[in-house]
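Working notes for the structure below.
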Amino acid sequence: MPNPWTGIGNPYTRTEVLARLHATLDRGEPIIAAGAGTGISAKFIEQGGADLLIIYNSGRFRMSGHGSTAGLMAYGDANAVAMEIGEYEVLPVVEEIPVICGVHASDPRRRIWHHLLKVKDMGFSGINNFPTHTIVDGLFRRVLEETGMSIQHEVDMVELSQKTGIDLFSIVYVATPEESRKMAEAGADAIIAHVGCTIGGSIGVTEATCTLQEAAKRTQEIILAAQSVRKDIIFLSHGGPICTPNDAAYINENSGTVGFVGASSIERMGVEESLIRLTQEFKQIPCPAAHKR
């Protein structure tokens with residue numbers, strides 16, 4: 001039912017978000033979620049028919065011309081930035097689709113249960129684990145794990161949101177089958193198989209990625225791990241070489257995913273391509289007076 005305070009549908013309960021997504025699948029349509037770092041992006045991504053909007057700090061860096069990985073660095077308060085984008089830019093302009101808040105669950109300065117209450121009160125309909133340590137590997141990942149900033153905080157956040165009555169839909173990034181299994185056990189509603197930073201565009205990666213075939217294989221391994229725990233999870237793809245509609249279609253056709261999460265691939269690349277094309281078209285307009293000078 002629409003929220004009586006807004007009259008336009010937002011925010012939604014967890015059950016309502018799930019019902020909307022399953023209705024999309026029942027129509028034979030893929031689920032498309034998109035990151036939005038600005039209000040103008042959110043407004044027109046919604047008009048394009050996206051099913052979910054996800055707000056996290058990397059969107060601000062991305063739309064400022066920097067790589068999305070900046071969102072993993074100490075360049076700002078990730079939780080505060082996500083809340084600010086939501087409060088002042090996205091939530092005021094979104095008319096109908098659910099908006100999800102990125103939460104940096106391992107932030108040692110916050111009581112995450114208390115932050116989740118703020119997320120709920122702000123009008124978000126769900127949570128996402130970003131910045132996420134699932135995409136950090138090697139020695140630095142070991143250091144994070146050993147010094148109290150582990151992936152387990154992200155898992156605990158999902159479980160907390162499910163078992164405390166906060167009633168937030170959860171859509172989470174994972175990079176390995178083991179992380180996928182843990183998120184399934186914690187009660188995640190949707191799992192995003194993250195296969196690396198998105199390639200392409202002006203600030204995408206070029207070599208730090210995998211092939212599309214490898215992405216499909218890794219995605220399916222992530223799906224099977226979660227399905228060994230529960231069968232009711234929604235699976236989506238993201239990242240690496242999956243950056244066009246054809247790429248996302250290939251993953252859907254070669255794994256158990258039912259949709260795609262686009263951040264750079266929808267918001268950033270859409271802006272880059274359209275601005276280049278439009279500016280080039282303006283540069284081609286006639287200018288008779290220029291020849292008379």
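Residue numbering restarts at 1 in every chain; chains get A, B, ... in the order shown in the structure tokens, and ligands count up from 1 in that same order.
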
Exercise: Ile233 (chain A) partners within 8 Å, only C-alpha atoms, chain neighbours under 2 positions left out, as a PDB file with all heavy atoms, in the first residue's frame:
```pdb
ATOM      1  N   ALA A 184      23.448 -15.795   2.482  1.00  0.00           N
ATOM      2  CA  ALA A 184      22.203 -16.574   2.418  1.00  0.00           C
ATOM      3  C   ALA A 184      21.781 -16.995   3.817  1.00  0.00           C
ATOM      4  O   ALA A 184      20.593 -16.933   4.167  1.00  0.00           O
ATOM      5  CB  ALA A 184      22.400 -17.791   1.524  1.00  0.00           C
ATOM      6  N   ALA A 188      19.781 -12.655   3.442  1.00  0.00           N
ATOM      7  CA  ALA A 188      19.751 -11.671   2.360  1.00  0.00           C
ATOM      8  C   ALA A 188      18.634 -11.982   1.376  1.00  0.00           C
ATOM      9  O   ALA A 188      18.418 -13.137   1.007  1.00  0.00           O
ATOM     10  CB  ALA A 188      21.090 -11.650   1.636  1.00  0.00           C
ATOM     11  N   ASP A 189      17.942 -10.951   0.941  1.00  0.00           N
ATOM     12  CA  ASP A 189      16.837 -11.125  -0.007  1.00  0.00           C
ATOM     13  C   ASP A 189      17.333 -11.257  -1.440  1.00  0.00           C
ATOM     14  O   ASP A 189      16.768 -12.002  -2.235  1.00  0.00           O
ATOM     15  CB  ASP A 189      15.878  -9.932   0.082  1.00  0.00           C
ATOM     16  CG  ASP A 189      15.229  -9.823   1.444  1.00  0.00           C
ATOM     17  OD1 ASP A 189      14.643 -10.823   1.904  1.00  0.00           O
ATOM     18  OD2 ASP A 189      15.315  -8.739   2.059  1.00  0.00           O
ATOM     19  N   ALA A 190      18.364 -10.502  -1.777  1.00  0.00           N
ATOM     20  CA  ALA A 190      18.935 -10.541  -3.127  1.00  0.00           C
ATOM     21  C   ALA A 190      20.444 -10.507  -3.016  1.00  0.00           C
ATOM     22  O   ALA A 190      21.003  -9.789  -2.176  1.00  0.00           O
ATOM     23  CB  ALA A 190      18.436  -9.364  -3.953  1.00  0.00           C
ATOM     24  N   ILE A 191      21.113 -11.293  -3.855  1.00  0.00           N
ATOM     25  CA  ILE A 191      22.570 -11.356  -3.858  1.00  0.00           C
ATOM     26  C   ILE A 191      23.072 -10.916  -5.222  1.00  0.00           C
ATOM     27  O   ILE A 191      22.606 -11.386  -6.255  1.00  0.00           O
ATOM     28  CB  ILE A 191      23.067 -12.776  -3.515  1.00  0.00           C
ATOM     29  CG1 ILE A 191      22.821 -13.057  -2.025  1.00  0.00           C
ATOM     30  CG2 ILE A 191      24.545 -12.939  -3.859  1.00  0.00           C
ATOM     31  CD1 ILE A 191      23.236 -14.451  -1.583  1.00  0.00           C
ATOM     32  N   ALA A 226      24.863 -20.059  -2.530  1.00  0.00           N
ATOM     33  CA  ALA A 226      23.717 -19.525  -1.784  1.00  0.00           C
ATOM     34  C   ALA A 226      22.526 -20.464  -1.855  1.00  0.00           C
ATOM     35  O   ALA A 226      21.800 -20.653  -0.868  1.00  0.00           O
ATOM     36  CB  ALA A 226      23.341 -18.150  -2.328  1.00  0.00           C
ATOM     37  N   GLN A 227      22.314 -21.084  -2.996  1.00  0.00           N
ATOM     38  CA  GLN A 227      21.180 -21.990  -3.149  1.00  0.00           C
ATOM     39  C   GLN A 227      21.335 -23.265  -2.330  1.00  0.00           C
ATOM     40  O   GLN A 227      20.331 -23.944  -2.074  1.00  0.00           O
ATOM     41  CB  GLN A 227      20.984 -22.338  -4.626  1.00  0.00           C
ATOM     42  CG  GLN A 227      20.405 -21.192  -5.440  1.00  0.00           C
ATOM     43  CD  GLN A 227      20.219 -21.537  -6.894  1.00  0.00           C
ATOM     44  OE1 GLN A 227      20.910 -22.407  -7.436  1.00  0.00           O
ATOM     45  NE2 GLN A 227      19.288 -20.870  -7.558  1.00  0.00           N
ATOM     46  N   ARG A 230      19.460 -21.652   0.738  1.00  0.00           N
ATOM     47  CA  ARG A 230      18.062 -21.233   0.523  1.00  0.00           C
ATOM     48  C   ARG A 230      17.765 -21.147  -0.957  1.00  0.00           C
ATOM     49  O   ARG A 230      18.651 -20.829  -1.755  1.00  0.00           O
ATOM     50  CB  ARG A 230      17.810 -19.849   1.153  1.00  0.00           C
ATOM     51  CG  ARG A 230      17.766 -19.861   2.662  1.00  0.00           C
ATOM     52  CD  ARG A 230      17.655 -18.467   3.253  1.00  0.00           C
ATOM     53  NE  ARG A 230      16.911 -17.518   2.462  1.00  0.00           N
ATOM     54  CZ  ARG A 230      17.385 -16.303   2.142  1.00  0.00           C
ATOM     55  NH1 ARG A 230      18.587 -15.929   2.536  1.00  0.00           N
ATOM     56  NH2 ARG A 230      16.642 -15.474   1.444  1.00  0.00           N
ATOM     57  N   LYS A 231      16.511 -21.365  -1.323  1.00  0.00           N
ATOM     58  CA  LYS A 231      16.100 -21.346  -2.725  1.00  0.00           C
ATOM     59  C   LYS A 231      15.311 -20.090  -3.100  1.00  0.00           C
ATOM     60  O   LYS A 231      14.899 -19.947  -4.252  1.00  0.00           O
ATOM     61  CB  LYS A 231      15.241 -22.578  -3.038  1.00  0.00           C
ATOM     62  CG  LYS A 231      15.913 -23.906  -2.761  1.00  0.00           C
ATOM     63  CD  LYS A 231      17.130 -24.133  -3.652  1.00  0.00           C
ATOM     64  CE  LYS A 231      17.698 -25.536  -3.437  1.00  0.00           C
ATOM     65  NZ  LYS A 231      18.913 -25.766  -4.266  1.00  0.00           N
ATOM     66  N   PHE A 235      18.987 -13.416  -7.621  1.00  0.00           N
ATOM     67  CA  PHE A 235      20.390 -13.253  -7.985  1.00  0.00           C
ATOM     68  C   PHE A 235      20.541 -12.290  -9.160  1.00  0.00           C
ATOM     69  O   PHE A 235      19.851 -12.422 -10.178  1.00  0.00           O
ATOM     70  CB  PHE A 235      21.012 -14.606  -8.353  1.00  0.00           C
ATOM     71  CG  PHE A 235      21.059 -15.578  -7.204  1.00  0.00           C
ATOM     72  CD1 PHE A 235      20.097 -16.566  -7.099  1.00  0.00           C
ATOM     73  CD2 PHE A 235      22.032 -15.469  -6.227  1.00  0.00           C
ATOM     74  CE1 PHE A 235      20.126 -17.461  -6.032  1.00  0.00           C
ATOM     75  CE2 PHE A 235      22.058 -16.349  -5.161  1.00  0.00           C
ATOM     76  CZ  PHE A 235      21.106 -17.346  -5.060  1.00  0.00           C
TER      77      PHE A 235
END
```

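Once Asp121 (chain A) and its same-chain neighbours fewer than 3 positions away are set aside, Asn10, Pro11, Tyr12, Met83, Gly86, Glu87, Cys101, His114, His115, Leu116, Leu117, Lys118, Phe124, Ser125, Gly126, Ile166, Asp167 and Leu168 of chain A remain within 12 Å of it when counting only C-alpha atoms.
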
How about saving the chosen residues, N, CA and C atoms kept, as a compact mmCIF listing (two decimals), in the first residue's frame?
```txt
# COMPACT_ATOMS: atom_id res chain seq x y z
N ASN A 10 6.67 5.54 -1.68
CA ASN A 10 7.88 5.34 -0.89
C ASN A 10 7.69 5.82 0.54
N PRO A 11 8.32 5.21 1.52
CA PRO A 11 9.12 3.98 1.40
C PRO A 11 8.24 2.73 1.41
N TYR A 12 8.88 1.60 1.08
CA TYR A 12 8.20 0.32 1.07
C TYR A 12 8.72 -0.57 2.19
N MET A 83 23.69 8.92 3.11
CA MET A 83 22.49 9.51 3.70
C MET A 83 22.22 10.90 3.13
N GLY A 86 20.82 10.65 -0.35
CA GLY A 86 19.43 10.22 -0.24
C GLY A 86 18.51 11.34 0.21
N GLU A 87 18.88 12.02 1.28
CA GLU A 87 17.99 13.02 1.86
C GLU A 87 17.77 14.23 0.95
N CYS A 101 19.71 2.08 0.47
CA CYS A 101 20.84 2.85 1.02
C CYS A 101 22.07 1.96 1.19
N HIS A 114 21.83 1.23 15.26
CA HIS A 114 21.33 2.59 15.40
C HIS A 114 21.32 3.29 14.04
N HIS A 115 22.36 3.03 13.23
CA HIS A 115 22.41 3.63 11.90
C HIS A 115 21.29 3.08 11.02
N LEU A 116 20.97 1.79 11.15
CA LEU A 116 19.89 1.21 10.35
C LEU A 116 18.55 1.87 10.70
N LEU A 117 18.36 2.21 11.95
CA LEU A 117 17.14 2.92 12.32
C LEU A 117 17.07 4.28 11.63
N LYS A 118 18.22 4.95 11.50
CA LYS A 118 18.25 6.23 10.79
C LYS A 118 17.95 6.04 9.31
N PHE A 124 14.40 5.23 3.26
CA PHE A 124 14.91 4.17 2.39
C PHE A 124 14.10 2.90 2.60
N SER A 125 14.02 2.09 1.55
CA SER A 125 13.27 0.85 1.62
C SER A 125 14.15 -0.37 1.83
N GLY A 126 15.45 -0.19 1.79
CA GLY A 126 16.34 -1.34 1.95
C GLY A 126 17.77 -0.91 2.14
N ILE A 166 13.43 -4.18 12.01
CA ILE A 166 13.69 -2.93 11.30
C ILE A 166 13.01 -2.95 9.93
N ASP A 167 12.84 -4.14 9.38
CA ASP A 167 12.04 -4.34 8.18
C ASP A 167 12.60 -3.61 6.96
N LEU A 168 13.86 -3.90 6.64
CA LEU A 168 14.49 -3.34 5.46
C LEU A 168 14.85 -4.47 4.49
```

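Counting only C-alpha atoms, region 94-98 of chain A has the following residues at most 9 Å away, ignoring those fewer than 2 positions along the same chain: Ile8, Gly9, Asn10, Pro11, Tyr12, Val17, Gly39, Ala42, Lys43, Glu46, Ala50, Asp51, Leu52, Leu53, Ile54, Val90, Leu91, Pro92, Ile100, Phe124, Ser125 and Gly126 of chain A.
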
Could you dump the residues just selected with N, CA, C and O atoms as a CSV table (one decimal), in the first residue's frame?
```csv
chain,number,residue,atom,x,y,z
A,8,ILE,N,2.9,8.7,-2.6
A,8,ILE,CA,3.5,8.3,-3.9
A,8,ILE,C,4.3,6.9,-3.8
A,8,ILE,O,5.0,6.6,-4.7
A,9,GLY,N,4.1,6.2,-2.7
A,9,GLY,CA,4.6,4.8,-2.7
A,9,GLY,C,5.8,4.6,-1.9
A,9,GLY,O,6.0,3.5,-1.3
A,10,ASN,N,6.7,5.5,-1.7
A,10,ASN,CA,7.9,5.3,-0.9
A,10,ASN,C,7.7,5.8,0.5
A,10,ASN,O,7.0,6.8,0.8
A,11,PRO,N,8.3,5.2,1.5
A,11,PRO,CA,9.1,4.0,1.4
A,11,PRO,C,8.2,2.7,1.4
A,11,PRO,O,7.1,2.8,1.7
A,12,TYR,N,8.9,1.6,1.1
A,12,TYR,CA,8.2,0.3,1.1
A,12,TYR,C,8.7,-0.6,2.2
A,12,TYR,O,9.9,-0.4,2.6
A,17,VAL,N,8.7,-4.7,-1.2
A,17,VAL,CA,9.8,-4.6,-2.2
A,17,VAL,C,9.9,-6.0,-2.9
A,17,VAL,O,10.0,-6.1,-4.2
A,39,GLY,N,20.5,13.5,-8.0
A,39,GLY,CA,19.1,13.5,-8.2
A,39,GLY,C,18.7,13.4,-9.6
A,39,GLY,O,17.7,12.7,-10.0
A,42,ALA,N,18.9,9.8,-10.7
A,42,ALA,CA,17.8,9.0,-10.2
A,42,ALA,C,16.5,9.3,-10.9
A,42,ALA,O,15.7,8.3,-11.2
A,43,LYS,N,16.2,10.5,-11.2
A,43,LYS,CA,14.9,10.9,-11.8
A,43,LYS,C,14.8,10.2,-13.2
A,43,LYS,O,13.7,9.6,-13.5
A,46,GLU,N,14.7,6.2,-13.1
A,46,GLU,CA,13.4,5.8,-12.8
A,46,GLU,C,12.5,5.8,-14.0
A,46,GLU,O,11.8,4.9,-14.3
A,50,ALA,N,13.8,1.4,-14.3
A,50,ALA,CA,14.5,0.6,-13.3
A,50,ALA,C,13.6,0.1,-12.2
A,50,ALA,O,12.6,0.8,-11.9
A,51,ASP,N,14.0,-1.0,-11.6
A,51,ASP,CA,13.2,-1.6,-10.5
A,51,ASP,C,13.6,-1.1,-9.1
A,51,ASP,O,12.8,-1.1,-8.2
A,52,LEU,N,14.9,-0.8,-9.0
A,52,LEU,CA,15.4,-0.3,-7.8
A,52,LEU,C,16.5,0.8,-8.0
A,52,LEU,O,17.2,0.7,-9.0
A,53,LEU,N,16.6,1.7,-7.1
A,53,LEU,CA,17.7,2.6,-7.1
A,53,LEU,C,18.6,2.3,-5.9
A,53,LEU,O,18.0,2.1,-4.8
A,54,ILE,N,19.9,2.3,-6.0
A,54,ILE,CA,20.8,2.1,-4.9
A,54,ILE,C,21.7,3.3,-4.8
A,54,ILE,O,22.3,3.8,-5.7
A,90,VAL,N,18.1,12.4,-3.9
A,90,VAL,CA,17.4,11.3,-4.6
A,90,VAL,C,16.0,11.2,-4.0
A,90,VAL,O,15.0,11.2,-4.8
A,91,LEU,N,15.9,11.0,-2.7
A,91,LEU,CA,14.5,10.7,-2.2
A,91,LEU,C,13.5,11.9,-2.5
A,91,LEU,O,12.3,11.6,-2.8
A,92,PRO,N,13.9,13.1,-2.6
A,92,PRO,CA,12.9,14.1,-2.9
A,92,PRO,C,12.4,14.1,-4.4
A,92,PRO,O,11.4,14.7,-4.7
A,100,ILE,N,17.3,2.2,-2.2
A,100,ILE,CA,18.1,1.4,-1.2
A,100,ILE,C,19.3,2.2,-0.8
A,100,ILE,O,20.0,2.9,-1.6
A,124,PHE,N,14.4,5.2,3.3
A,124,PHE,CA,14.9,4.2,2.4
A,124,PHE,C,14.1,2.9,2.6
A,124,PHE,O,13.6,2.6,3.7
A,125,SER,N,14.0,2.1,1.5
A,125,SER,CA,13.3,0.8,1.6
A,125,SER,C,14.1,-0.4,1.8
A,125,SER,O,13.6,-1.5,2.0
A,126,GLY,N,15.5,-0.2,1.8
A,126,GLY,CA,16.3,-1.3,2.0
A,126,GLY,C,17.8,-0.9,2.1
A,126,GLY,O,18.1,0.3,2.2
```

Polymer residues at most 6 Å from Leu236 (chain A), only C-alpha atoms, same-chain spacing of 2 or more positions, as a ChimeraX atom specification
/A:192,257-260

Selected residues written out with C-alpha atoms, as a compact mmCIF listing (two decimals), in the first residue's frame:
```txt
# COMPACT_ATOMS: atom_id res chain seq x y z
CA ILE A 192 24.67 -9.49 -6.41
CA THR A 257 20.79 -14.52 -12.56
CA VAL A 258 17.51 -12.76 -13.28
CA GLY A 259 18.82 -9.25 -13.76
CA PHE A 260 21.62 -6.75 -13.48
```

_Just to confirm, what's the straight-line distance from CA of Ile55 (chain A) to CA of Gly239 (chain A) in Å (one decimal)?_
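Computing it gives 16.3 Å between the two atoms.
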
Residues near Ile112 (chain A), cut-off 9 Å, only C-alpha atoms, skip fewer than 5 positions along chain, as a ChimeraX atom specification: /A:103-107,117,157,160
